[in-house]
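Containing PDB, C-alpha atoms: start.pdb.
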ATOM      1  CA  MET A1282     -94.091  53.336 -40.034
ATOM      2  CA  ARG A1283     -90.416  54.158 -40.597
ATOM      3  CA  LYS A1284     -90.344  56.203 -37.400
ATOM      4  CA  THR A1285     -91.901  53.359 -35.411
ATOM      5  CA  LEU A1286     -89.412  50.901 -36.871
ATOM      6  CA  LEU A1287     -86.490  53.224 -36.014
ATOM      7  CA  ILE A1288     -87.663  53.560 -32.404
ATOM      8  CA  ALA A1289     -87.990  49.773 -32.116
ATOM      9  CA  VAL A1290     -84.480  49.230 -33.494
ATOM     10  CA  MET A1291     -83.011  51.821 -31.099
ATOM     11  CA  ALA A1292     -84.803  50.225 -28.139
ATOM     12  CA  LEU A1293     -83.527  46.794 -29.128
ATOM     13  CA  LEU A1294     -79.988  48.166 -29.487
ATOM     14  CA  SER A1295     -80.153  49.861 -26.060
ATOM     15  CA  TYR A1296     -81.387  46.639 -24.446
ATOM     16  CA  SER A1297     -78.587  44.691 -26.134
ATOM     17  CA  ILE A1298     -75.940  47.112 -24.790
ATOM     18  CA  PHE A1299     -77.504  46.957 -21.300
ATOM     19  CA  ALA A1300     -77.576  43.145 -21.386
ATOM     20  CA  GLN A1301     -73.944  42.982 -22.495
ATOM     21  CA  LYS A1302     -72.948  45.315 -19.638
ATOM     22  CA  ASN A1303     -74.742  43.172 -17.085
ATOM     23  CA  LYS A1304     -73.270  40.020 -18.590
ATOM     24  CA  LYS A1305     -69.757  41.489 -18.274
ATOM     25  CA  GLN A1306     -70.380  42.389 -14.615
ATOM     26  CA  GLU A1307     -71.567  38.852 -13.886
ATOM     27  CA  ILE A1308     -68.389  37.475 -15.437
ATOM     28  CA  ASP A1309     -66.120  39.899 -13.556
ATOM     29  CA  ILE A1310     -67.704  39.531 -10.121
ATOM     30  CA  LEU A1311     -68.934  36.029  -9.383
ATOM     31  CA  PRO A1312     -70.629  35.123  -6.073
ATOM     32  CA  TYR A1313     -68.259  34.561  -3.156
ATOM     33  CA  ASP A1314     -66.950  30.988  -2.999
ATOM     34  CA  SER A1315     -67.479  30.206   0.698
ATOM     35  CA  THR A1316     -65.424  27.003   0.452
ATOM     36  CA  ARG A1317     -62.253  29.142   0.207
ATOM     37  CA  ASN A1318     -60.894  31.633   2.709
ATOM     38  CA  PHE A1319     -58.140  32.977   0.471
ATOM     39  CA  LEU A1320     -59.311  33.647  -3.091
ATOM     40  CA  GLY A1321     -56.055  34.408  -4.880
ATOM     41  CA  LYS A1322     -56.805  35.919  -8.288
ATOM     42  CA  ASP A1323     -60.574  35.762  -7.625
ATOM     43  CA  VAL A1324     -60.185  38.706  -5.253
ATOM     44  CA  LEU A1325     -63.241  40.566  -6.657
ATOM     45  CA  GLN A1326     -65.460  37.942  -5.018
ATOM     46  CA  TYR A1327     -64.568  39.435  -1.630
ATOM     47  CA  THR A1328     -66.740  42.480  -2.360
ATOM     48  CA  GLY A1329     -69.370  42.831   0.371
ATOM     49  CA  GLN A1330     -67.897  40.120   2.613
ATOM     50  CA  GLU A1331     -67.115  40.442   6.322
ATOM     51  CA  LEU A1332     -63.590  39.733   7.606
ATOM     52  CA  PHE A1333     -62.329  38.809  11.065
ATOM     53  CA  LEU A1334     -58.742  39.874  11.799
ATOM     54  CA  LYS A1335     -56.826  37.035  13.460
ATOM     55  CA  GLY A1336     -54.454  37.583  16.355
ATOM     56  CA  LEU A1337     -50.664  37.308  16.072
ATOM     57  CA  ASP A1338     -48.290  35.116  18.051
ATOM     58  CA  LYS A1339     -46.727  36.813  21.073
ATOM     59  CA  PRO A1340     -43.314  37.578  19.488
ATOM     60  CA  SER A1341     -45.042  39.273  16.514
ATOM     61  CA  GLN A1342     -47.503  41.355  18.525
ATOM     62  CA  LYS A1343     -44.997  44.116  19.271
ATOM     63  CA  TYR A1344     -44.424  44.597  15.529
ATOM     64  CA  GLY A1345     -48.142  44.881  14.772
ATOM     65  CA  TYR A1346     -49.966  44.391  11.457
ATOM     66  CA  SER A1347     -48.586  45.465   8.102
ATOM     67  CA  GLY A1348     -50.554  46.525   5.022
ATOM     68  CA  PHE A1349     -53.269  48.677   6.666
ATOM     69  CA  ILE A1350     -53.222  52.198   5.254
ATOM     70  CA  LEU A1351     -55.462  55.256   5.006
ATOM     71  CA  LYS A1352     -54.939  56.347   1.369
ATOM     72  CA  TYR A1353     -54.112  53.600  -1.085
ATOM     73  CA  LYS A1354     -52.994  55.981  -3.840
ATOM     74  CA  LYS A1355     -50.286  57.250  -1.501
ATOM     75  CA  ASP A1356     -49.082  53.789  -0.507
ATOM     76  CA  ASP A1357     -45.308  53.457  -0.615
ATOM     77  CA  ASP A1358     -44.145  49.993  -1.651
ATOM     78  CA  ILE A1359     -41.169  50.152   0.727
ATOM     79  CA  LEU A1360     -42.001  52.316   3.744
ATOM     80  CA  ASN A1361     -45.179  54.317   4.269
ATOM     81  CA  ASP A1362     -45.301  57.745   5.802
ATOM     82  CA  GLU A1363     -46.510  57.307   9.378
ATOM     83  CA  LYS A1364     -49.448  59.583   8.590
ATOM     84  CA  ASN A1365     -50.703  57.098   5.983
ATOM     85  CA  ILE A1366     -50.636  54.077   8.331
ATOM     86  CA  TYR A1367     -53.840  53.115  10.098
ATOM     87  CA  LYS A1368     -53.278  53.403  13.881
ATOM     88  CA  PRO A1369     -49.456  53.421  13.557
ATOM     89  CA  ASN A1370     -46.985  52.037  16.071
ATOM     90  CA  ASP A1371     -43.245  52.656  16.389
ATOM     91  CA  ASN A1372     -42.479  49.983  13.761
ATOM     92  CA  TYR A1373     -44.372  51.704  10.916
ATOM     93  CA  ASN A1374     -47.126  49.102  11.187
ATOM     94  CA  SER A1375     -50.590  49.179  12.785
ATOM     95  CA  ARG A1376     -50.897  48.648  16.550
ATOM     96  CA  TYR A1377     -51.753  45.069  17.428
ATOM     97  CA  GLU A1378     -53.974  45.926  20.388
ATOM     98  CA  ASP A1379     -56.103  48.285  18.262
ATOM     99  CA  LEU A1380     -56.809  45.826  15.435
ATOM    100  CA  ALA A1381     -56.705  42.238  16.713
ATOM    101  CA  GLY A1382     -60.106  40.570  16.783
ATOM    102  CA  LYS A1383     -61.841  43.372  14.860
ATOM    103  CA  TYR A1384     -64.425  42.820  12.114
ATOM    104  CA  PHE A1385     -64.221  44.619   8.774
ATOM    105  CA  GLN A1386     -66.686  44.957   5.907
ATOM    106  CA  ILE A1387     -65.210  44.938   2.400
ATOM    107  CA  LEU A1388     -66.727  47.936   0.622
ATOM    108  CA  GLU A1389     -64.782  47.592  -2.620
ATOM    109  CA  VAL A1390     -61.868  45.786  -4.257
ATOM    110  CA  LEU A1391     -59.547  48.139  -6.135
ATOM    111  CA  ASN A1392     -56.733  47.563  -8.598
ATOM    112  CA  HIS A1393     -53.333  48.913  -7.722
ATOM    113  CA  PRO A1394     -53.182  52.474  -9.155
ATOM    114  CA  LYS A1395     -49.995  51.570 -11.072
ATOM    115  CA  ALA A1396     -51.473  48.399 -12.600
ATOM    116  CA  LYS A1397     -52.581  50.118 -15.825
ATOM    117  CA  SER A1398     -49.177  51.603 -16.587
ATOM    118  CA  ASN A1399     -47.100  48.700 -15.244
ATOM    119  CA  LYS A1400     -48.980  45.410 -15.425
ATOM    120  CA  GLN A1401     -45.830  43.329 -15.113
ATOM    121  CA  ASP A1402     -45.110  44.572 -11.576
ATOM    122  CA  TYR A1403     -48.563  45.453 -10.250
ATOM    123  CA  ALA A1404     -51.172  43.249 -11.966
ATOM    124  CA  ASP A1405     -51.313  40.947  -8.929
ATOM    125  CA  ASP A1406     -51.682  43.747  -6.361
ATOM    126  CA  TYR A1407     -55.047  45.019  -5.116
ATOM    127  CA  TYR A1408     -56.486  47.028  -2.251
ATOM    128  CA  LEU A1409     -59.417  45.941  -0.119
ATOM    129  CA  LYS A1410     -61.397  49.003   0.897
ATOM    130  CA  LEU A1411     -62.530  48.191   4.431
ATOM    131  CA  GLN A1412     -64.821  49.628   7.049
ATOM    132  CA  GLU A1413     -64.041  48.678  10.639
ATOM    133  CA  LYS A1414     -67.436  47.694  11.996
ATOM    134  CA  SER A1415     -67.232  49.010  15.573
ATOM    135  CA  SER A1416     -65.757  52.455  14.785
ATOM    136  CA  GLY A1417     -66.888  52.971  11.198
ATOM    137  CA  ASP A1418     -63.299  53.823  10.176
ATOM    138  CA  VAL A1419     -62.613  53.428   6.454
ATOM    139  CA  LEU A1420     -59.167  52.158   5.471
ATOM    140  CA  PHE A1421     -57.378  49.968   2.922
ATOM    141  CA  TYR A1422     -55.547  46.655   3.104
ATOM    142  CA  LYS A1423     -52.891  45.820   0.524
ATOM    143  CA  TYR A1424     -53.582  42.406  -1.014
ATOM    144  CA  ASN A1425     -51.427  40.258  -3.275
ATOM    145  CA  VAL A1426     -52.850  37.241  -5.118
ATOM    146  CA  ASP A1427     -49.958  35.046  -3.876
ATOM    147  CA  SER A1428     -50.073  36.165  -0.227
ATOM    148  CA  GLU A1429     -52.113  33.279   1.193
ATOM    149  CA  TYR A1430     -49.731  32.550   4.070
ATOM    150  CA  THR A1431     -49.656  36.172   5.229
ATOM    151  CA  PHE A1432     -53.393  36.866   4.710
ATOM    152  CA  PRO A1433     -54.429  37.881   8.255
ATOM    153  CA  PHE A1434     -58.199  37.445   7.942
ATOM    154  CA  ILE A1435     -60.831  34.777   8.252
ATOM    155  CA  VAL A1436     -63.854  35.437   6.052
ATOM    156  CA  THR A1437     -67.028  35.127   8.132
ATOM    157  CA  GLY A1438     -68.844  33.386   5.260
ATOM    158  CA  PHE A1439     -66.057  30.805   5.004
ATOM    159  CA  PHE A1440     -66.066  30.211   8.765
ATOM    160  CA  LEU A1441     -69.831  29.667   8.913
ATOM    161  CA  LYS A1442     -69.762  27.378   5.861
ATOM    162  CA  GLN A1443     -66.979  25.218   7.281
ATOM    163  CA  LYS A1444     -68.650  25.118  10.697
ATOM    164  CA  ALA A1445     -71.794  23.718   9.068
ATOM    165  CA  ILE A1446     -69.797  21.227   6.961
ATOM    166  CA  GLN A1447     -67.509  19.945   9.726
ATOM    167  CA  THR A1448     -69.887  19.695  12.674
ATOM    168  CA  GLY A1449     -70.893  16.052  13.047
ATOM    169  CA  LYS A1450     -68.105  14.651  10.849
ATOM    170  CA  GLU A1451     -65.978  11.834  12.229
ATOM    171  CA  TYR A1452     -62.201  11.492  11.908
ATOM    172  CA  VAL A1453     -59.353   9.121  12.736
ATOM    173  CA  LEU A1454     -56.025  10.784  13.563
ATOM    174  CA  SER A1455     -52.414   9.682  13.365
ATOM    175  CA  ASP A1456     -50.700   9.070  16.699
ATOM    176  CA  ASP A1457     -48.242  11.942  16.321
ATOM    177  CA  ILE A1458     -51.121  14.428  16.062
ATOM    178  CA  LEU A1459     -52.765  13.012  19.176
ATOM    179  CA  LYS A1460     -49.463  13.074  21.072
ATOM    180  CA  MET A1461     -49.169  16.811  20.383
ATOM    181  CA  SER A1462     -52.808  17.509  21.289
ATOM    182  CA  ARG A1463     -54.138  18.307  24.743
ATOM    183  CA  ASN A1464     -57.204  17.471  26.795
ATOM    184  CA  LEU A1465     -59.324  20.623  26.588
ATOM    185  CA  SER A1466     -60.679  20.122  30.108
ATOM    186  CA  THR A1467     -57.390  19.538  31.936
ATOM    187  CA  GLY A1468     -54.747  20.884  29.552
ATOM    188  CA  LYS A1469     -52.809  17.660  29.984
ATOM    189  CA  ALA A1470     -51.601  15.149  27.384
ATOM    190  CA  LEU A1471     -54.283  12.962  25.802
ATOM    191  CA  SER A1472     -54.875   9.356  26.759
ATOM    192  CA  PHE A1473     -55.875   7.699  23.493
ATOM    193  CA  THR A1474     -56.111   4.449  21.560
ATOM    194  CA  THR A1475     -54.611   4.201  18.075
ATOM    195  CA  GLY A1476     -57.364   4.241  15.467
ATOM    196  CA  GLN A1477     -60.155   5.548  17.672
ATOM    197  CA  THR A1478     -62.827   7.760  16.109
ATOM    198  CA  TRP A1479     -63.269  11.444  16.972
ATOM    199  CA  LYS A1480     -66.408  13.463  16.204
ATOM    200  CA  CYS A1481     -66.223  17.153  15.324
ATOM    201  CA  THR A1482     -68.517  19.126  17.638
ATOM    202  CA  ASP A1483     -67.483  22.661  16.711
ATOM    203  CA  LEU A1484     -65.196  24.904  14.684
ATOM    204  CA  THR A1485     -63.428  27.716  16.494
ATOM    205  CA  ILE A1486     -60.461  30.085  16.387
ATOM    206  CA  ASP A1487     -57.730  28.767  18.656
ATOM    207  CA  ASN A1488     -56.395  31.433  21.026
ATOM    208  CA  THR A1489     -52.986  29.757  21.072
ATOM    209  CA  ASN A1490     -52.150  29.693  17.355
ATOM    210  CA  ASN A1491     -54.871  32.120  16.144
ATOM    211  CA  GLU A1492     -55.942  29.647  13.463
ATOM    212  CA  LEU A1493     -59.133  27.731  12.766
ATOM    213  CA  SER A1494     -59.392  24.555  14.815
ATOM    214  CA  LEU A1495     -61.738  21.598  14.977
ATOM    215  CA  ILE A1496     -63.091  20.686  18.406
ATOM    216  CA  LEU A1497     -63.146  16.889  18.523
ATOM    217  CA  GLU A1498     -64.786  14.547  21.011
ATOM    218  CA  SER A1499     -64.196  10.838  21.567
ATOM    219  CA  LYS A1500     -66.979   8.366  22.348
ATOM    220  CA  GLY A1501     -65.880   8.521  25.979
ATOM    221  CA  GLY A1502     -66.427  12.297  26.129
ATOM    222  CA  LEU A1503     -62.759  13.309  25.879
ATOM    223  CA  LYS A1504     -62.314  16.634  24.025
ATOM    224  CA  THR A1505     -59.357  18.006  22.101
ATOM    225  CA  ALA A1506     -58.611  20.429  19.253
ATOM    226  CA  ILE A1507     -56.615  20.089  16.030
ATOM    227  CA  PRO A1508     -55.733  22.702  13.365
ATOM    228  CA  TYR A1509     -58.247  22.917  10.511
ATOM    229  CA  SER A1510     -55.303  23.161   8.092
ATOM    230  CA  LEU A1511     -54.495  19.472   8.712
ATOM    231  CA  LEU A1512     -57.595  18.518   6.723
ATOM    232  CA  ASN A1513     -56.132  19.962   3.529
ATOM    233  CA  ASN A1514     -52.511  18.947   3.993
ATOM    234  CA  ASN A1515     -51.599  17.566   0.564
ATOM    235  CA  GLU A1516     -47.875  17.540   1.227
ATOM    236  CA  GLY A1517     -46.025  15.031   3.336
ATOM    237  CA  ILE A1518     -47.573  12.247   5.400
ATOM    238  CA  LYS A1519     -51.352  12.208   5.755
ATOM    239  CA  LYS A1520     -52.314  12.931   9.363
ATOM    240  CA  VAL A1521     -56.106  13.001   9.356
ATOM    241  CA  TYR A1522     -58.515  10.489   7.802
ATOM    242  CA  THR A1523     -62.273  10.694   7.602
ATOM    243  CA  ALA A1524     -64.047   7.774   9.281
ATOM    244  CA  THR A1525     -65.023   6.538   5.804
ATOM    245  CA  GLU A1526     -61.397   6.616   4.599
ATOM    246  CA  ALA A1527     -60.278   4.817   7.751
ATOM    247  CA  ASN A1528     -62.872   2.067   7.280
ATOM    248  CA  GLU A1529     -61.868   1.579   3.642
ATOM    249  CA  LEU A1530     -58.155   1.354   4.483
ATOM    250  CA  THR A1531     -58.844  -1.047   7.357
ATOM    251  CA  LYS A1532     -60.711  -3.359   4.975
ATOM    252  CA  LYS A1533     -58.004  -3.012   2.323
ATOM    253  CA  TYR A1534     -54.913  -3.512   4.517
ATOM    254  CA  ASN A1535     -56.411  -5.111   7.708
ATOM    255  CA  ILE A1536     -56.680  -3.388  11.091
ATOM    256  CA  ASN A1537     -53.131  -4.133  12.258
ATOM    257  CA  ASN A1538     -51.503  -2.650   9.169
ATOM    258  CA  PHE A1539     -53.717   0.438   9.299
ATOM    259  CA  ARG A1540     -52.780   0.966  12.938
ATOM    260  CA  ARG A1541     -49.107   0.747  11.957
ATOM    261  CA  ILE A1542     -49.751   3.403   9.312
ATOM    262  CA  LEU A1543     -51.312   5.677  11.955
ATOM    263  CA  GLN A1544     -48.238   5.083  14.133
ATOM    264  CA  ASN A1545     -45.845   5.752  11.211
ATOM    265  CA  LYS A1546     -44.394   2.272  11.614
ATOM    266  CA  ILE A1547     -42.990  -0.041   8.941
ATOM    267  CA  ARG A1548     -42.657  -3.826   8.860
ATOM    268  CA  VAL A1549     -41.595  -6.516   6.397
ATOM    269  CA  GLY A1550     -44.478  -7.472   4.111
ATOM    270  CA  MET A1551     -46.015  -4.021   3.832
ATOM    271  CA  THR A1552     -46.726  -2.807   0.298
ATOM    272  CA  LYS A1553     -45.467   0.342  -1.396
ATOM    273  CA  ASP A1554     -48.836   2.050  -0.932
ATOM    274  CA  MET A1555     -48.826   1.266   2.799
ATOM    275  CA  THR A1556     -45.267   2.552   3.031
ATOM    276  CA  ARG A1557     -46.161   5.852   1.378
ATOM    277  CA  LEU A1558     -49.038   6.323   3.836
ATOM    278  CA  ALA A1559     -46.806   5.544   6.821
ATOM    279  CA  TRP A1560     -43.581   7.311   5.806
ATOM    280  CA  GLY A1561     -44.441   9.437   2.788
ATOM    281  CA  GLU A1562     -42.420   9.523  -0.420
ATOM    282  CA  PRO A1563     -38.782   8.318  -0.237
ATOM    283  CA  THR A1564     -35.941  10.797  -0.704
ATOM    284  CA  GLU A1565     -34.305   8.407  -3.183
ATOM    285  CA  VAL A1566     -35.203   5.217  -5.069
ATOM    286  CA  VAL A1567     -32.603   2.833  -6.515
ATOM    287  CA  LYS A1568     -33.938   0.162  -8.882
ATOM    288  CA  ASN A1569     -32.188  -3.073  -9.719
ATOM    289  CA  GLY A1570     -34.348  -5.462 -11.751
ATOM    290  CA  ASN A1571     -37.229  -6.675  -9.578
ATOM    291  CA  THR A1572     -35.777  -5.101  -6.429
ATOM    292  CA  GLU A1573     -35.806  -1.515  -5.200
ATOM    293  CA  GLN A1574     -34.174   0.365  -2.359
ATOM    294  CA  TRP A1575     -36.175   3.225  -0.878
ATOM    295  CA  PHE A1576     -34.187   5.683   1.221
ATOM    296  CA  TYR A1577     -35.662   7.736   4.068
ATOM    297  CA  PRO A1578     -34.100   9.814   6.851
ATOM    298  CA  ALA A1579     -35.277   7.045   9.214
ATOM    299  CA  GLY A1580     -33.659   4.215   7.239
ATOM    300  CA  GLN A1581     -33.544   2.085   4.098
ATOM    301  CA  LEU A1582     -36.329  -0.212   2.881
ATOM    302  CA  ASN A1583     -35.702  -3.023   0.431
ATOM    303  CA  PHE A1584     -38.548  -4.125  -1.865
ATOM    304  CA  ARG A1585     -38.949  -7.161  -4.029
ATOM    305  CA  GLY A1586     -41.879  -6.536  -6.328
ATOM    306  CA  ASP A1587     -44.479  -4.609  -4.312
ATOM    307  CA  LYS A1588     -43.498  -5.698  -0.789
ATOM    308  CA  ILE A1589     -40.831  -4.856   1.776
ATOM    309  CA  VAL A1590     -38.439  -7.791   2.204
ATOM    310  CA  SER A1591     -35.973  -6.171   4.612
ATOM    311  CA  THR A1592     -35.188  -2.941   6.420
ATOM    312  CA  LYS A1593     -31.990  -1.224   7.529
TER     313      LYS A1593
END

What would you get if you wrote out this structure as structure tokens?
Amino acid sequence: MRKTLLIAVMALLSYSIFAQKNKKQEIDILPYDSTRNFLGKDVLQYTGQELFLKGLDKPSQKYGYSGFILKYKKDDDILNDEKNIYKPNDNYNSRYEDLAGKYFQILEVLNHPKAKSNKQDYADDYYLKLQEKSSGDVLFYKYNVDSEYTFPFIVTGFFLKQKAIQTGKEYVLSDDILKMSRNLSTGKALSFTTGQTWKCTDLTIDNTNNELSLILESKGGLKTAIPYSLLNNNEGIKKVYTATEANELTKKYNINNFRRILQNKIRVGMTKDMTRLAWGEPTEVVKNGNTEQWFYPAGQLNFRGDKIVSTK
């Protein structure tokens, strides 16, 4: 009886340890969040994902890609030995023509080898162990949790998720975006009407800027492309509105005022909220009782209460 009880206790203890181990792994490595391309500190979620290496602009192509090495434990923080660079060029980087447009599988995410002894300097550095899919080459890419703007990849899972989300959505664009856009069929400037609706028909990687772009089509069949990044621009003046947002603002401010907002125009009688949508936040605000002066590079706006009473 005692022996049976001992065996049962040991089995229960073993199961408990196993369960705790699995629980820890689930906490450490969560499923990949396909709504984000750059994961920052959640880098472990990249494990098993496929990456597409974006192209570089023409001036940068001769310098190649940085951060691709053969042995991560021999990585030099300043300048790697040429023998440790993957497909090296004369600039101690990787050759552009050998890497651009390639697909890589992430085999493993590794901590920087110095992270244990020097957390202060290396806790935010990792290495993505990659396998180039066409050649089978195994290499490493140095990753920093704050390096979003230099992250050269598009995660395939993110691309497919966003393609599914965006296709069929409708948008209204500010005039300055449309003025910079081109007719995809002719390459010429767009002929457009302020406030018209555009439907997303596809998501692609633009060969000009090597970034994700939405392919948009007007009701008349006109096609253009805009950077995907404009959808998440939380700084400065809003450039892209969903059709729902546009309808709500049209009802709230009337169609003429909303068109002025899309044109970045101001007039007497507009409210502070309309002004922020059209011109963004002022560089300076001077208050004097019930009046305020808002200063912008384009001029000065004078408010009484909530409305513009004069401009300079």

Which neighbours of region 1522-1529 of chain A fall inside 9 Å, counting all atoms listed in the file, when residues of the same chain fewer than 4 positions from it are skipped, and could you give them as a PyMOL selection string?
chain A and resi 1450-1455+1476+1478-1479+1512+1533-1534+1539

Tell me which protein, DNA and RNA residues are within 12 Å of Thr1489 (chain A), counting all atoms listed in the file, leaving out same-chain ones fewer than 2 positions away, and put them as a PyMOL selection string.
chain A and resi 1335-1339+1485-1487+1491-1494+1506-1508

Would you translate the PyMOL selection byres ((chain A and resi 1444-1449) around 8) into the concrete set of residues it matches in this file, as a PyMOL selection string?
chain A and resi 1440-1443+1450-1451+1480-1484+1495

Residue by residue, what does the PyMOL selection byres ((chain A and resi 1593) around 9) grab here? Present the result as a PyMOL selection string.
chain A and resi 1580-1583+1591-1592

Do you have the CA of Gly1502 (chain A)-CA of Ser1462 (chain A) distance handy?
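Pair CA of Gly1502 (chain A) / CA of Ser1462 (chain A) returns 15.4 Å.
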
Run the PyMOL selection byres ((chain A and resi 1343) around 10) against the file shown and list the residues it catches, as number ranges by chain.
A: 1337-1342, 1344-1346, 1370-1372, 1374-1378

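Between CA of Glu1516 (chain A) and CA of Thr1564 (chain A) the interatomic distance comes to 13.8 Å.
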
One-decimal distance in Å that lies between CA of Thr1475 (chain A) and CA of Asp1456 (chain A):
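Value for the CA of Asp1456 (chain A)-CA of Thr1475 (chain A) distance: 6.4 Å.
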
Output: region 1499-1532 of chain A of the preceding structure, restricted to C-alpha atoms, written as an mmCIF file, in the first residue's frame.
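Generated output (out10.cif):
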data_model
loop_
_atom_site.group_PDB
_atom_site.id
_atom_site.type_symbol
_atom_site.label_atom_id
_atom_site.label_comp_id
_atom_site.auth_asym_id
_atom_site.auth_seq_id
_atom_site.Cartn_x
_atom_site.Cartn_y
_atom_site.Cartn_z
ATOM 1 C CA SER A 1499 -12.274 54.342 -58.229
ATOM 2 C CA LYS A 1500 -15.861 53.671 -59.302
ATOM 3 C CA GLY A 1501 -14.849 54.753 -62.797
ATOM 4 C CA GLY A 1502 -12.141 52.067 -62.996
ATOM 5 C CA LEU A 1503 -9.162 54.363 -62.362
ATOM 6 C CA LYS A 1504 -6.354 52.573 -60.465
ATOM 7 C CA THR A 1505 -3.618 53.948 -58.240
ATOM 8 C CA ALA A 1506 -1.417 52.857 -55.324
ATOM 9 C CA ILE A 1507 -0.707 54.385 -51.910
ATOM 10 C CA PRO A 1508 1.739 53.303 -49.163
ATOM 11 C CA TYR A 1509 0.230 50.936 -46.587
ATOM 12 C CA SER A 1510 2.024 52.935 -43.872
ATOM 13 C CA LEU A 1511 -0.409 55.840 -44.412
ATOM 14 C CA LEU A 1512 -3.147 53.778 -42.761
ATOM 15 C CA ASN A 1513 -1.325 53.815 -39.428
ATOM 16 C CA ASN A 1514 0.048 57.346 -39.513
ATOM 17 C CA ASN A 1515 -0.735 58.616 -36.011
ATOM 18 C CA GLU A 1516 1.504 61.653 -36.281
ATOM 19 C CA GLY A 1517 0.732 64.803 -38.190
ATOM 20 C CA ILE A 1518 -2.286 65.408 -40.411
ATOM 21 C CA LYS A 1519 -4.545 62.450 -41.158
ATOM 22 C CA LYS A 1520 -4.307 61.548 -44.846
ATOM 23 C CA VAL A 1521 -6.510 58.485 -45.235
ATOM 24 C CA TYR A 1522 -10.056 57.942 -43.946
ATOM 25 C CA THR A 1523 -12.142 54.809 -44.140
ATOM 26 C CA ALA A 1524 -15.428 55.284 -46.001
ATOM 27 C CA THR A 1525 -17.223 54.960 -42.648
ATOM 28 C CA GLU A 1526 -15.079 57.702 -41.070
ATOM 29 C CA ALA A 1527 -15.651 59.931 -44.092
ATOM 30 C CA ASN A 1528 -19.428 59.473 -43.901
ATOM 31 C CA GLU A 1529 -19.455 60.265 -40.178
ATOM 32 C CA LEU A 1530 -17.370 63.426 -40.627
ATOM 33 C CA THR A 1531 -19.518 64.552 -43.563
ATOM 34 C CA LYS A 1532 -22.634 64.254 -41.394
#
